[in-house]
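File shown here: protein.pdb, holding PDB, C-alpha atoms.
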MODEL        1
ATOM      1  CA  MET A   1       0.000   0.000   0.000  1.00  0.00           C
ATOM      2  CA  SER A   2       1.463   3.361  -0.931  1.00  0.00           C
ATOM      3  CA  GLU A   3       1.700   6.245   1.499  1.00  0.00           C
ATOM      4  CA  ALA A   4      -0.486   9.323   1.242  1.00  0.00           C
ATOM      5  CA  PRO A   5       1.198  11.928  -0.949  1.00  0.00           C
ATOM      6  CA  LEU A   6       1.327  14.715   1.617  1.00  0.00           C
ATOM      7  CA  PRO A   7       2.690  14.791   5.173  1.00  0.00           C
ATOM      8  CA  ALA A   8      -0.313  16.908   6.179  1.00  0.00           C
ATOM      9  CA  ILE A   9      -2.642  14.050   5.218  1.00  0.00           C
ATOM     10  CA  ARG A  10      -0.544  11.443   7.035  1.00  0.00           C
ATOM     11  CA  SER A  11      -0.739  13.515  10.215  1.00  0.00           C
ATOM     12  CA  LEU A  12      -4.554  13.562  10.367  1.00  0.00           C
ATOM     13  CA  PRO A  13      -6.014  11.381  13.136  1.00  0.00           C
ATOM     14  CA  SER A  14      -8.790  10.286  10.779  1.00  0.00           C
ATOM     15  CA  TRP A  15      -6.254   9.082   8.202  1.00  0.00           C
ATOM     16  CA  LEU A  16      -4.220   7.229  10.836  1.00  0.00           C
ATOM     17  CA  LEU A  17      -7.348   5.623  12.299  1.00  0.00           C
ATOM     18  CA  GLY A  18      -8.378   4.546   8.815  1.00  0.00           C
ATOM     19  CA  ARG A  19      -4.986   2.938   8.224  1.00  0.00           C
ATOM     20  CA  ALA A  20      -5.092   1.188  11.607  1.00  0.00           C
ATOM     21  CA  ALA A  21      -8.652  -0.001  10.925  1.00  0.00           C
ATOM     22  CA  ALA A  22      -7.699  -1.318   7.486  1.00  0.00           C
ATOM     23  CA  ARG A  23      -4.761  -3.212   8.983  1.00  0.00           C
ATOM     24  CA  GLY A  24      -6.967  -4.613  11.737  1.00  0.00           C
ATOM     25  CA  ARG A  25      -9.657  -5.711   9.260  1.00  0.00           C
ATOM     26  CA  ALA A  26      -7.041  -7.395   7.082  1.00  0.00           C
ATOM     27  CA  LEU A  27      -5.554  -9.277  10.043  1.00  0.00           C
ATOM     28  CA  VAL A  28      -8.967 -10.428  11.263  1.00  0.00           C
ATOM     29  CA  ALA A  29     -10.174 -11.330   7.761  1.00  0.00           C
ATOM     30  CA  GLU A  30      -7.078 -13.470   7.242  1.00  0.00           C
ATOM     31  CA  ALA A  31      -7.550 -15.192  10.612  1.00  0.00           C
ATOM     32  CA  LEU A  32     -11.229 -15.867   9.896  1.00  0.00           C
ATOM     33  CA  ALA A  33     -10.468 -17.121   6.391  1.00  0.00           C
ATOM     34  CA  ALA A  34      -8.239 -19.772   7.952  1.00  0.00           C
ATOM     35  CA  GLU A  35     -11.425 -21.027   9.663  1.00  0.00           C
ATOM     36  CA  GLY A  36     -13.395 -20.790   6.397  1.00  0.00           C
ATOM     37  CA  MET A  37     -15.329 -17.740   7.609  1.00  0.00           C
ATOM     38  CA  LYS A  38     -15.908 -14.291   6.113  1.00  0.00           C
ATOM     39  CA  MET A  39     -16.130 -11.120   8.214  1.00  0.00           C
ATOM     40  CA  TRP A  40     -19.880 -10.476   7.843  1.00  0.00           C
ATOM     41  CA  HIS A  41     -20.651 -14.154   8.336  1.00  0.00           C
ATOM     42  CA  HIS A  42     -18.729 -13.979  11.614  1.00  0.00           C
ATOM     43  CA  VAL A  43     -20.590 -10.828  12.690  1.00  0.00           C
ATOM     44  CA  VAL A  44     -23.975 -12.412  11.961  1.00  0.00           C
ATOM     45  CA  LEU A  45     -23.039 -15.696  13.623  1.00  0.00           C
ATOM     46  CA  SER A  46     -21.901 -13.818  16.732  1.00  0.00           C
ATOM     47  CA  ALA A  47     -25.104 -11.748  16.820  1.00  0.00           C
ATOM     48  CA  VAL A  48     -27.226 -14.889  16.448  1.00  0.00           C
ATOM     49  CA  ARG A  49     -25.444 -16.414  19.431  1.00  0.00           C
ATOM     50  CA  ASP A  50     -26.029 -13.276  21.518  1.00  0.00           C
ATOM     51  CA  LEU A  51     -29.674 -12.750  20.517  1.00  0.00           C
ATOM     52  CA  ALA A  52     -31.034 -16.231  19.693  1.00  0.00           C
ATOM     53  CA  PRO A  53     -33.649 -17.089  19.004  1.00  0.00           C
ATOM     54  CA  VAL A  54     -33.850 -13.876  16.997  1.00  0.00           C
ATOM     55  CA  ALA A  55     -36.184 -12.736  14.232  1.00  0.00           C
ATOM     56  CA  GLN A  56     -34.350 -12.052  10.976  1.00  0.00           C
ATOM     57  CA  ALA A  57     -35.520  -8.425  10.902  1.00  0.00           C
ATOM     58  CA  THR A  58     -34.275  -7.828  14.452  1.00  0.00           C
ATOM     59  CA  LEU A  59     -30.982  -9.521  13.592  1.00  0.00           C
ATOM     60  CA  GLY A  60     -30.516  -7.307  10.522  1.00  0.00           C
ATOM     61  CA  ARG A  61     -31.187  -4.147  12.526  1.00  0.00           C
ATOM     62  CA  SER A  62     -28.837  -5.235  15.304  1.00  0.00           C
ATOM     63  CA  VAL A  63     -25.881  -5.623  12.914  1.00  0.00           C
ATOM     64  CA  ARG A  64     -27.012  -2.809  10.580  1.00  0.00           C
ATOM     65  CA  LEU A  65     -27.132  -5.025   7.526  1.00  0.00           C
ATOM     66  CA  ASP A  66     -29.448  -4.640   4.541  1.00  0.00           C
ATOM     67  CA  PRO A  67     -32.153  -7.351   4.624  1.00  0.00           C
ATOM     68  CA  LYS A  68     -31.157  -8.703   1.179  1.00  0.00           C
ATOM     69  CA  ASP A  69     -27.530  -9.052   2.289  1.00  0.00           C
ATOM     70  CA  LEU A  70     -28.609 -10.678   5.545  1.00  0.00           C
ATOM     71  CA  VAL A  71     -30.694 -13.279   3.710  1.00  0.00           C
ATOM     72  CA  GLY A  72     -27.690 -14.252   1.586  1.00  0.00           C
ATOM     73  CA  ILE A  73     -25.456 -14.580   4.628  1.00  0.00           C
ATOM     74  CA  LEU A  74     -28.085 -16.592   6.519  1.00  0.00           C
ATOM     75  CA  ASN A  75     -28.513 -18.847   3.484  1.00  0.00           C
ATOM     76  CA  ASP A  76     -24.754 -19.488   3.499  1.00  0.00           C
ATOM     77  CA  LEU A  77     -24.697 -20.126   7.244  1.00  0.00           C
ATOM     78  CA  GLN A  78     -27.720 -22.413   7.094  1.00  0.00           C
ATOM     79  CA  SER A  79     -26.297 -24.360   4.129  1.00  0.00           C
ATOM     80  CA  ALA A  80     -23.110 -24.885   6.141  1.00  0.00           C
ATOM     81  CA  GLY A  81     -25.159 -26.213   9.075  1.00  0.00           C
ATOM     82  CA  LEU A  82     -24.196 -23.300  11.343  1.00  0.00           C
ATOM     83  CA  VAL A  83     -27.651 -21.772  11.954  1.00  0.00           C
ATOM     84  CA  VAL A  84     -31.260 -22.889  11.750  1.00  0.00           C
ATOM     85  CA  ARG A  85     -34.287 -20.800  10.838  1.00  0.00           C
ATOM     86  CA  GLU A  86     -37.521 -21.927  12.429  1.00  0.00           C
ATOM     87  CA  PRO A  87     -40.883 -20.263  12.990  1.00  0.00           C
ATOM     88  CA  ASP A  88     -40.563 -17.592  15.679  1.00  0.00           C
ATOM     89  CA  PRO A  89     -42.298 -18.801  18.861  1.00  0.00           C
ATOM     90  CA  VAL A  90     -43.579 -15.247  19.480  1.00  0.00           C
ATOM     91  CA  ASP A  91     -44.827 -14.605  15.919  1.00  0.00           C
ATOM     92  CA  ARG A  92     -45.174 -17.734  13.761  1.00  0.00           C
ATOM     93  CA  ARG A  93     -45.256 -15.572  10.597  1.00  0.00           C
ATOM     94  CA  LYS A  94     -41.557 -14.739  11.140  1.00  0.00           C
ATOM     95  CA  ASN A  95     -38.419 -16.837  11.130  1.00  0.00           C
ATOM     96  CA  ALA A  96     -36.274 -17.025  14.243  1.00  0.00           C
ATOM     97  CA  VAL A  97     -32.596 -17.794  13.811  1.00  0.00           C
ATOM     98  CA  SER A  98     -30.500 -19.872  16.238  1.00  0.00           C
ATOM     99  CA  LEU A  99     -27.031 -21.391  16.260  1.00  0.00           C
ATOM    100  CA  THR A 100     -26.453 -25.074  15.743  1.00  0.00           C
ATOM    101  CA  ASP A 101     -23.890 -26.897  17.865  1.00  0.00           C
ATOM    102  CA  GLU A 102     -21.501 -26.775  14.903  1.00  0.00           C
ATOM    103  CA  GLY A 103     -22.125 -23.029  14.585  1.00  0.00           C
ATOM    104  CA  ALA A 104     -21.259 -22.553  18.257  1.00  0.00           C
ATOM    105  CA  ARG A 105     -18.049 -24.574  17.871  1.00  0.00           C
ATOM    106  CA  LEU A 106     -16.984 -22.644  14.768  1.00  0.00           C
ATOM    107  CA  LEU A 107     -17.820 -19.321  16.415  1.00  0.00           C
ATOM    108  CA  LYS A 108     -15.619 -20.213  19.388  1.00  0.00           C
ATOM    109  CA  ARG A 109     -12.690 -20.950  17.024  1.00  0.00           C
ATOM    110  CA  CYS A 110     -13.340 -17.728  15.065  1.00  0.00           C
ATOM    111  CA  GLU A 111     -13.450 -15.631  18.226  1.00  0.00           C
ATOM    112  CA  LYS A 112     -10.119 -17.094  19.309  1.00  0.00           C
ATOM    113  CA  ALA A 113      -8.637 -16.353  15.870  1.00  0.00           C
ATOM    114  CA  ALA A 114     -10.021 -12.785  15.887  1.00  0.00           C
ATOM    115  CA  ARG A 115      -8.591 -12.147  19.382  1.00  0.00           C
ATOM    116  CA  ALA A 116      -5.185 -13.394  18.210  1.00  0.00           C
ATOM    117  CA  ALA A 117      -5.361 -11.079  15.169  1.00  0.00           C
ATOM    118  CA  ASN A 118      -6.236  -8.137  17.414  1.00  0.00           C
ATOM    119  CA  ASP A 119      -3.364  -9.054  19.725  1.00  0.00           C
ATOM    120  CA  GLU A 120      -1.086  -8.900  16.687  1.00  0.00           C
ATOM    121  CA  LEU A 121      -2.512  -5.496  15.763  1.00  0.00           C
ATOM    122  CA  LEU A 122      -1.887  -4.146  19.269  1.00  0.00           C
ATOM    123  CA  ALA A 123       1.444  -5.937  19.805  1.00  0.00           C
ATOM    124  CA  PRO A 124       3.465  -2.672  19.744  1.00  0.00           C
ATOM    125  CA  LEU A 125       1.543  -1.470  22.828  1.00  0.00           C
ATOM    126  CA  SER A 126       2.101  -2.401  26.454  1.00  0.00           C
ATOM    127  CA  PRO A 127      -0.891  -3.814  28.375  1.00  0.00           C
ATOM    128  CA  ALA A 128      -1.459  -0.407  30.008  1.00  0.00           C
ATOM    129  CA  GLU A 129      -1.249   1.327  26.626  1.00  0.00           C
ATOM    130  CA  ARG A 130      -3.753  -1.161  25.182  1.00  0.00           C
ATOM    131  CA  ASP A 131      -6.221  -0.389  27.976  1.00  0.00           C
ATOM    132  CA  ARG A 132      -5.805   3.356  27.480  1.00  0.00           C
ATOM    133  CA  PHE A 133      -6.047   3.015  23.692  1.00  0.00           C
ATOM    134  CA  MET A 134      -9.280   1.019  23.993  1.00  0.00           C
ATOM    135  CA  ASP A 135     -10.734   3.616  26.364  1.00  0.00           C
ATOM    136  CA  LEU A 136      -9.877   6.387  23.923  1.00  0.00           C
ATOM    137  CA  LEU A 137     -11.264   4.477  20.932  1.00  0.00           C
ATOM    138  CA  ILE A 138     -14.525   3.889  22.749  1.00  0.00           C
ATOM    139  CA  ARG A 139     -14.796   7.589  23.583  1.00  0.00           C
ATOM    140  CA  ILE A 140     -14.160   8.849  20.059  1.00  0.00           C
ATOM    141  CA  SER A 141     -16.159   6.115  18.313  1.00  0.00           C
ATOM    142  CA  GLY A 142     -19.373   7.079  20.078  1.00  0.00           C
ATOM    143  CA  THR A 143     -19.957   3.495  21.205  1.00  0.00           C
ATOM    144  CA  GLN A 144     -19.625   4.016  24.936  1.00  0.00           C
ATOM    145  CA  SER A 145     -22.578   2.864  26.999  1.00  0.00           C
TER
ENDMDL
END

Can I see the file as structure tokens?
Amino acid sequence: MSEAPLPAIRSLPSWLLGRAAARGRALVAEALAAEGMKMWHHVVLSAVRDLAPVAQATLGRSVRLDPKDLVGILNDLQSAGLVVREPDPVDRRKNAVSLTDEGARLLKRCEKAARAANDELLAPLSPAERDRFMDLLIRISGTQS
């Protein structure tokens, strides 16, 4: 990847965060690929675990994914035996999505791989610096609770 043409650009926090994010995504994508998983498939699988049984529409909103894209990902995950879609016990007109045992096992491996990739990303930082960095990222990302 080539450097930005101007030192002024390279000194912008937004540019540096973008570069760090791109590196982090690449490391995680590579780690997940070793498990046969794509990034969005991992996100959806993780959300299903956290929310299951979950209606497809609720799942899509929770991960901010277009419904058409979500259906394709769920089709892939269901074909691989990682999730099941069954009538929602609350509203039988809707599908509820849940993990299979194989989905739970794969998710555990993917989470371990993603943590290792993030450890690689943050390797230049001491444990105290990592904690401080995470606190700062949470503050500027607008994701704090």

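Picked out by the PyMOL selection byres ((chain A and resi 83) around 7) when it runs on this file: Leu77, Gln78, Gly81, Leu82, Val84, Arg85, Val97, Ser98, Leu99, Thr100 and Gly103 of chain A.
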
Study note, to complete from the structure: Taken to one decimal, the atom CA of A:Ser62-atom CA of A:Val44 distance is 9.3 Å

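When all atoms listed in the file are used to measure the gap to A:Leu74, the shortest distance among A:Gly60, A:Gly18, A:Pro7, A:Pro53 belongs to A:Gly60.
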
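Take atom CA of A:Leu45 and atom CA of A:Leu32: the distance between them is 12.4 Å.
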
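Between A:Arg109 and the residues A:Arg10, A:His42, A:Arg19, A:Arg61, the shortest atom-to-atom distance, using only C-alpha atoms, involves A:His42.
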
I want to know what sits within 8 Å of A:Cys110, based on only C-alpha atoms, with residues of the same chain fewer than 3 positions away left out; could you give that as a compact mmCIF listing (two decimals) with C-alpha atoms, keeping the file's coordinate frame?
# COMPACT_ATOMS: atom_id res chain seq x y z
CA ALA A 31 -7.55 -15.19 10.61
CA LEU A 32 -11.23 -15.87 9.90
CA GLU A 35 -11.42 -21.03 9.66
CA MET A 37 -15.33 -17.74 7.61
CA HIS A 42 -18.73 -13.98 11.61
CA LEU A 106 -16.98 -22.64 14.77
CA LEU A 107 -17.82 -19.32 16.42
CA ALA A 113 -8.64 -16.35 15.87
CA ALA A 114 -10.02 -12.78 15.89

Practice item. Output the residue selection produced by the PyMOL selection byres ((chain A and resi 118) around 12) on the file above, formatted as a list in words. Key: Ala20, Ala21, Arg23, Gly24, Arg25, Ala26, Leu27, Val28, Ala29, Glu30, Ala31, Leu32, Glu111, Lys112, Ala113, Ala114, Arg115, Ala116, Ala117, Asp119, Glu120, Leu121, Leu122, Ala123, Pro124, Leu125, Arg130 and Met134 of chain A

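Minimum distance to A:Asp91 across A:Asp76, A:Ile138, A:Gln56, A:Arg64 (counting all atoms listed in the file) occurs at A:Gln56.
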
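Interatomic distance, atom CA of A:Ala80 to atom CA of A:Arg93: 24.4 Å.
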
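Among the candidates A:Ala96, A:Leu6, A:Ala34, A:Leu17, the one nearest to A:Val54 when counting only C-alpha atoms is A:Ala96.
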
Dump of stretch 129-140 of chain A from preceding block, all heavy atoms, as a CSV table (one decimal), in the first residue's frame:
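Printed below is decode-v1.csv as written:
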chain,number,residue,atom,x,y,z
A,129,GLU,N,-1.0,0.5,27.8
A,129,GLU,CA,-1.2,1.3,26.6
A,129,GLU,C,-2.5,0.8,25.9
A,129,GLU,O,-3.3,1.6,25.4
A,129,GLU,CB,0.0,1.4,25.7
A,129,GLU,CG,1.1,2.2,26.2
A,129,GLU,CD,2.4,2.1,25.4
A,129,GLU,OE1,2.6,1.0,24.8
A,129,GLU,OE2,3.1,3.1,25.3
A,130,ARG,N,-2.6,-0.5,25.8
A,130,ARG,CA,-3.8,-1.2,25.2
A,130,ARG,C,-5.0,-0.7,25.9
A,130,ARG,O,-6.0,-0.4,25.2
A,130,ARG,CB,-3.7,-2.7,25.2
A,130,ARG,CG,-2.6,-3.3,24.3
A,130,ARG,CD,-2.6,-4.8,24.4
A,130,ARG,NE,-1.6,-5.3,23.6
A,130,ARG,CZ,-1.6,-6.5,23.1
A,130,ARG,NH1,-2.6,-7.3,23.3
A,130,ARG,NH2,-0.6,-7.0,22.3
A,131,ASP,N,-5.0,-0.8,27.2
A,131,ASP,CA,-6.2,-0.4,28.0
A,131,ASP,C,-6.6,1.1,27.7
A,131,ASP,O,-7.7,1.4,27.5
A,131,ASP,CB,-6.0,-0.6,29.5
A,131,ASP,CG,-6.0,-2.1,29.9
A,131,ASP,OD1,-6.4,-2.9,29.1
A,131,ASP,OD2,-5.5,-2.4,31.0
A,132,ARG,N,-5.6,1.9,27.7
A,132,ARG,CA,-5.8,3.4,27.5
A,132,ARG,C,-6.3,3.6,26.0
A,132,ARG,O,-7.2,4.3,25.8
A,132,ARG,CB,-4.5,4.1,27.7
A,132,ARG,CG,-4.6,5.6,27.5
A,132,ARG,CD,-5.4,6.3,28.6
A,132,ARG,NE,-5.4,7.7,28.4
A,132,ARG,CZ,-6.5,8.5,28.6
A,132,ARG,NH1,-7.6,8.0,29.0
A,132,ARG,NH2,-6.4,9.8,28.4
A,133,PHE,N,-5.7,2.9,25.1
A,133,PHE,CA,-6.0,3.0,23.7
A,133,PHE,C,-7.5,2.6,23.5
A,133,PHE,O,-8.3,3.3,22.8
A,133,PHE,CB,-5.1,2.2,22.8
A,133,PHE,CG,-5.4,2.2,21.4
A,133,PHE,CD1,-5.2,3.4,20.7
A,133,PHE,CD2,-5.8,1.1,20.7
A,133,PHE,CE1,-5.4,3.5,19.3
A,133,PHE,CE2,-6.0,1.2,19.3
A,133,PHE,CZ,-5.8,2.3,18.6
A,134,MET,N,-7.9,1.5,24.1
A,134,MET,CA,-9.3,1.0,24.0
A,134,MET,C,-10.2,2.0,24.6
A,134,MET,O,-11.3,2.3,24.0
A,134,MET,CB,-9.4,-0.3,24.7
A,134,MET,CG,-8.8,-1.5,23.9
A,134,MET,SD,-9.5,-1.7,22.2
A,134,MET,CE,-11.1,-2.1,22.5
A,135,ASP,N,-9.9,2.6,25.8
A,135,ASP,CA,-10.7,3.6,26.4
A,135,ASP,C,-10.9,4.8,25.4
A,135,ASP,O,-12.0,5.3,25.3
A,135,ASP,CB,-10.1,4.1,27.7
A,135,ASP,CG,-10.2,3.1,28.8
A,135,ASP,OD1,-11.1,2.1,28.7
A,135,ASP,OD2,-9.5,3.2,29.8
A,136,LEU,N,-9.8,5.2,24.8
A,136,LEU,CA,-9.9,6.4,23.9
A,136,LEU,C,-10.7,6.1,22.7
A,136,LEU,O,-11.5,6.9,22.2
A,136,LEU,CB,-8.5,6.8,23.5
A,136,LEU,CG,-7.6,7.4,24.7
A,136,LEU,CD1,-6.2,7.6,24.3
A,136,LEU,CD2,-8.2,8.7,25.2
A,137,LEU,N,-10.5,4.9,22.1
A,137,LEU,CA,-11.3,4.5,20.9
A,137,LEU,C,-12.8,4.5,21.2
A,137,LEU,O,-13.6,4.9,20.4
A,137,LEU,CB,-10.8,3.1,20.4
A,137,LEU,CG,-9.6,3.0,19.6
A,137,LEU,CD1,-9.2,1.6,19.3
A,137,LEU,CD2,-9.7,3.9,18.3
A,138,ILE,N,-13.1,3.9,22.4
A,138,ILE,CA,-14.5,3.9,22.7
A,138,ILE,C,-15.1,5.3,22.9
A,138,ILE,O,-16.2,5.6,22.4
A,138,ILE,CB,-14.7,3.1,24.1
A,138,ILE,CG1,-14.5,1.6,23.8
A,138,ILE,CG2,-16.1,3.3,24.6
A,138,ILE,CD1,-14.3,0.8,25.1
A,139,ARG,N,-14.3,6.2,23.4
A,139,ARG,CA,-14.8,7.6,23.6
A,139,ARG,C,-15.0,8.3,22.2
A,139,ARG,O,-16.0,8.9,22.0
A,139,ARG,CB,-13.8,8.4,24.4
A,139,ARG,CG,-14.0,8.1,25.9
A,139,ARG,CD,-12.9,8.7,26.8
A,139,ARG,NE,-12.8,10.1,26.6
A,139,ARG,CZ,-11.8,10.9,27.0
A,139,ARG,NH1,-10.8,10.3,27.7
A,139,ARG,NH2,-11.8,12.1,26.9
A,140,ILE,N,-14.0,8.1,21.3
A,140,ILE,CA,-14.2,8.8,20.1
A,140,ILE,C,-15.0,8.1,19.1
A,140,ILE,O,-15.5,8.8,18.1
A,140,ILE,CB,-12.8,9.2,19.4
A,140,ILE,CG1,-12.0,7.9,19.0
A,140,ILE,CG2,-12.0,10.1,20.4
A,140,ILE,CD1,-10.8,8.2,18.2
